[in-house]
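Report on the structure given below.
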Amino acid sequence: MLRITLAAVAATLTLTLAACGGSTSTSGEADGPTVVVTTTQVGDFTRSVAGDRATVVQILDPNTDAHDFEPSSDDAKAVASADLVIVNGIGLDGWMTDLHRSSGSNATIVVATEGIMPRAGDDGSPDGDPHVWMDPRHARTMVNRIADALAEADPDDADAYRAAAAEYEGRIAALDTELEKLVSSVPADRRRIVTDHDAFGYLTEHYRIRSIGTIIPSISTGAEPNAKDMTALAQTVRREGVRVIFPEAALDPALARSLATDAGATVGPELYADSLGPADGPAGTYLDMMRHNVSAMVDGMRAG
Ligand SMILES: [Zn+2]
């Protein structure tokens with residue numbers, strides 16, 4: 001009986017969340033192609049390349065969990081009238097396949113991460129680690145893939161898309177150099193962090209930071225840590241002398257707080273993992289998100 005009641009409550013919650021989520025945001029003008037994008041990162045890349053030459057409709061809101069998303073009927077309508085659909089791929093936004101089919105859309109689906117060899121996945125992410133944009137070199141590959149897709153959908157503006165992509169790529173490369181220098185200012189034996197879910201593998205590998213553990217033991221956000229894992233992680237944090245635990249902006253900070261208490265550490269600023277933040281915050285764009293995350297990590301590593 002209890003099980004039935006809980007199932008009913010869960011079903012109601014899912015419906016409510018589905019009704020609240022998926023408000024699409026639109027930018028650009030009506031003249032060029034209409035491009036539907038899934039994640040906030042792919043949205044930012046696409047807007048940076050498209051400028052006002054295309055209408056970009058982004059499905060995910062800032063600070064939403066991309067791994068666990070229920071599209072709404074408005075999302076289906078947006079996909080139905082799209083000329084082009086751009087997804088992250090590697091299983092992060094696999095829900096687009098069903099949405100595209102059920103909407104009756106004729107739009108081509110372009111996978112922005114096509115051609116990138118992903119890091120190994122786990123049970124929850126069997127296709128590989130989808131958080132590829134955390135490595136700026138991969139972000140540049142995604143930007144070029146998006147520029148090619150826009151140029152094909154709108155050949156009259158092909159040169160403008162390619163020029164915008166080249167300009168934006170230069171900004172990513174410059175930021176990468178700046179962040180590389182920032183991380184290098186931390187002694188190598190202090191370059192280690194603990195984060196919420198396992199979303200920073202590309203970032204830590206690229207900047208040679210050691211991830212000594214994650215609170216949610218998974219590349220996706222679906223897994224739950226057990227008490228034994230949390231105790232072991234608290235011991236590791238103490239042994240390594242890590243002073244700061246980083247919560248994620250899109251997740252409940254309760255577990256990060258509890259780990260910090262158990263390990264005698266403090267809770268650091270929120271990191272942005274699956275999603276950019278709102279436009280008026282510290283991580284409203286991809287470039288700001290990368291600068292915010294790496295700067296926060298560097299401050300935390302310097303503290304202990
Ligand atoms: Zn994630």
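By convention in this document, the chains of the structure tokens carry letters A, B, ... by their order, each chain's residues are numbered from 1, and ligands are numbered from 1 in the order they are shown.
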### Task
Kindly provide, as a PyMOL selection string, all nucleotide and amino acid residues lying within 12 Å of ligand 1, counting only C-alpha atoms and all ligand atoms.
chain A and resi 39+63-69+88+90-93+121+124-125+128-134+195-202+214+216-223+248-251+271-276
### Message
Using only C-alpha atoms, which protein or nucleic acid residues come within 8 Å of region 252-258 of chain A? Drop anything in the same chain fewer than 5 positions from it, and give the result as JSON, numbers by chain.
### Response
{"A": [196, 215, 245, 246, 247, 266, 267]}
Could those residues be written to a file, using all heavy atoms, as a PDB file, in the first residue's frame?
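Printed below is part-v7.pdb as written:
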```
ATOM      1  N   ASP A 196      30.884  17.584  -6.698  1.00  0.00           N
ATOM      2  CA  ASP A 196      29.594  16.958  -6.415  1.00  0.00           C
ATOM      3  C   ASP A 196      29.359  15.708  -7.261  1.00  0.00           C
ATOM      4  O   ASP A 196      29.477  14.599  -6.766  1.00  0.00           O
ATOM      5  CB  ASP A 196      28.488  18.000  -6.646  1.00  0.00           C
ATOM      6  CG  ASP A 196      27.428  17.930  -5.579  1.00  0.00           C
ATOM      7  OD1 ASP A 196      27.259  16.846  -5.020  1.00  0.00           O
ATOM      8  OD2 ASP A 196      26.766  18.942  -5.312  1.00  0.00           O
ATOM      9  N   ILE A 215      31.113  13.371  -4.640  1.00  0.00           N
ATOM     10  CA  ILE A 215      30.102  13.025  -3.648  1.00  0.00           C
ATOM     11  C   ILE A 215      29.095  12.053  -4.256  1.00  0.00           C
ATOM     12  O   ILE A 215      28.787  11.023  -3.671  1.00  0.00           O
ATOM     13  CB  ILE A 215      29.409  14.309  -3.136  1.00  0.00           C
ATOM     14  CG1 ILE A 215      30.456  15.211  -2.468  1.00  0.00           C
ATOM     15  CG2 ILE A 215      28.285  13.961  -2.179  1.00  0.00           C
ATOM     16  CD1 ILE A 215      29.990  16.619  -2.212  1.00  0.00           C
ATOM     17  N   ILE A 245      35.092  21.847  -0.143  1.00  0.00           N
ATOM     18  CA  ILE A 245      34.255  20.935  -0.927  1.00  0.00           C
ATOM     19  C   ILE A 245      33.366  21.791  -1.827  1.00  0.00           C
ATOM     20  O   ILE A 245      32.759  22.759  -1.364  1.00  0.00           O
ATOM     21  CB  ILE A 245      33.340  20.083  -0.001  1.00  0.00           C
ATOM     22  CG1 ILE A 245      34.153  19.401   1.108  1.00  0.00           C
ATOM     23  CG2 ILE A 245      32.509  19.089  -0.806  1.00  0.00           C
ATOM     24  CD1 ILE A 245      35.127  18.369   0.638  1.00  0.00           C
ATOM     25  N   PHE A 246      33.276  21.425  -3.111  1.00  0.00           N
ATOM     26  CA  PHE A 246      32.520  22.259  -4.049  1.00  0.00           C
ATOM     27  C   PHE A 246      31.142  21.668  -4.359  1.00  0.00           C
ATOM     28  O   PHE A 246      31.049  20.581  -4.912  1.00  0.00           O
ATOM     29  CB  PHE A 246      33.296  22.420  -5.355  1.00  0.00           C
ATOM     30  CG  PHE A 246      34.535  23.243  -5.203  1.00  0.00           C
ATOM     31  CD1 PHE A 246      35.779  22.652  -5.126  1.00  0.00           C
ATOM     32  CD2 PHE A 246      34.450  24.627  -5.118  1.00  0.00           C
ATOM     33  CE1 PHE A 246      36.921  23.412  -4.973  1.00  0.00           C
ATOM     34  CE2 PHE A 246      35.584  25.401  -4.969  1.00  0.00           C
ATOM     35  CZ  PHE A 246      36.833  24.791  -4.893  1.00  0.00           C
ATOM     36  N   PRO A 247      30.068  22.406  -4.008  1.00  0.00           N
ATOM     37  CA  PRO A 247      28.735  21.981  -4.431  1.00  0.00           C
ATOM     38  C   PRO A 247      28.499  22.405  -5.890  1.00  0.00           C
ATOM     39  O   PRO A 247      29.330  23.112  -6.463  1.00  0.00           O
ATOM     40  CB  PRO A 247      27.803  22.749  -3.496  1.00  0.00           C
ATOM     41  CG  PRO A 247      28.553  24.000  -3.170  1.00  0.00           C
ATOM     42  CD  PRO A 247      30.028  23.685  -3.281  1.00  0.00           C
ATOM     43  N   THR A 266      35.351  23.272   4.526  1.00  0.00           N
ATOM     44  CA  THR A 266      34.291  24.253   4.317  1.00  0.00           C
ATOM     45  C   THR A 266      33.647  24.007   2.951  1.00  0.00           C
ATOM     46  O   THR A 266      34.216  23.312   2.104  1.00  0.00           O
ATOM     47  CB  THR A 266      34.831  25.699   4.354  1.00  0.00           C
ATOM     48  OG1 THR A 266      35.837  25.819   3.339  1.00  0.00           O
ATOM     49  CG2 THR A 266      35.432  26.042   5.693  1.00  0.00           C
ATOM     50  N   VAL A 267      32.452  24.587   2.767  1.00  0.00           N
ATOM     51  CA  VAL A 267      31.762  24.477   1.483  1.00  0.00           C
ATOM     52  C   VAL A 267      32.158  25.666   0.620  1.00  0.00           C
ATOM     53  O   VAL A 267      32.034  26.813   1.037  1.00  0.00           O
ATOM     54  CB  VAL A 267      30.223  24.445   1.686  1.00  0.00           C
ATOM     55  CG1 VAL A 267      29.510  24.401   0.341  1.00  0.00           C
ATOM     56  CG2 VAL A 267      29.834  23.248   2.535  1.00  0.00           C
TER      57      VAL A 267
END
```
### Task
Could you tell me which of A:Arg171, A:Arg243, A:Lys228, A:His100 comes closest to Arg140 (chain A) if we count only C-alpha atoms?
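Checking each candidate against Arg140 (chain A), we get A:Arg171 as the closest.
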### Distance of CA of Leu287 (chain A) from CA of Ala82 (chain A), expressed in Å to one decimal place
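Taking CA of Ala82 (chain A) and CA of Leu287 (chain A), their separation equals 26.9 Å.
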### Message
With only C-alpha atoms as the counted atoms, please give the residues lying no more than 12 Å from Gly104 (chain A), apart from itself and same-chain residues fewer than 4 positions off, as a PyMOL selection string.
### Response
chain A and resi 76-82+97-100+108
### Task
Write down as a ChimeraX atom specification the residues of region 89-196 of chain A whose backbone DSSP state falls under alpha helix (DSSP H).
/A:95-103,136-153,158-184
### Query
Do you have the CA of Arg145 (chain A)-CA of Pro282 (chain A) distance handy?
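Going from CA of Arg145 (chain A) over to CA of Pro282 (chain A) covers 26.6 Å.
Taking CA of Asp176 (chain A) and CA of Val36 (chain A) as the two end points, the separation is 28.0 Å.
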### Query
region 140-225 of chain A: which residues are strand (DSSP E or B) by DSSP, as a list in words?
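Those residues are Arg192, Ile193, Val194, Thr195, Asp196, His197, Arg210, Ser211, Ile212, Gly213, Thr214, Ile215 and Ile216 of chain A.
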### Task
Please identify all polymer residues within 8 Å of region 156-162 of chain A, counting only C-alpha atoms, omitting same-chain residues fewer than 4 positions from it, and present them as a PyMOL selection string.
chain A and resi 49-50+53+144+147-148+150-152+166
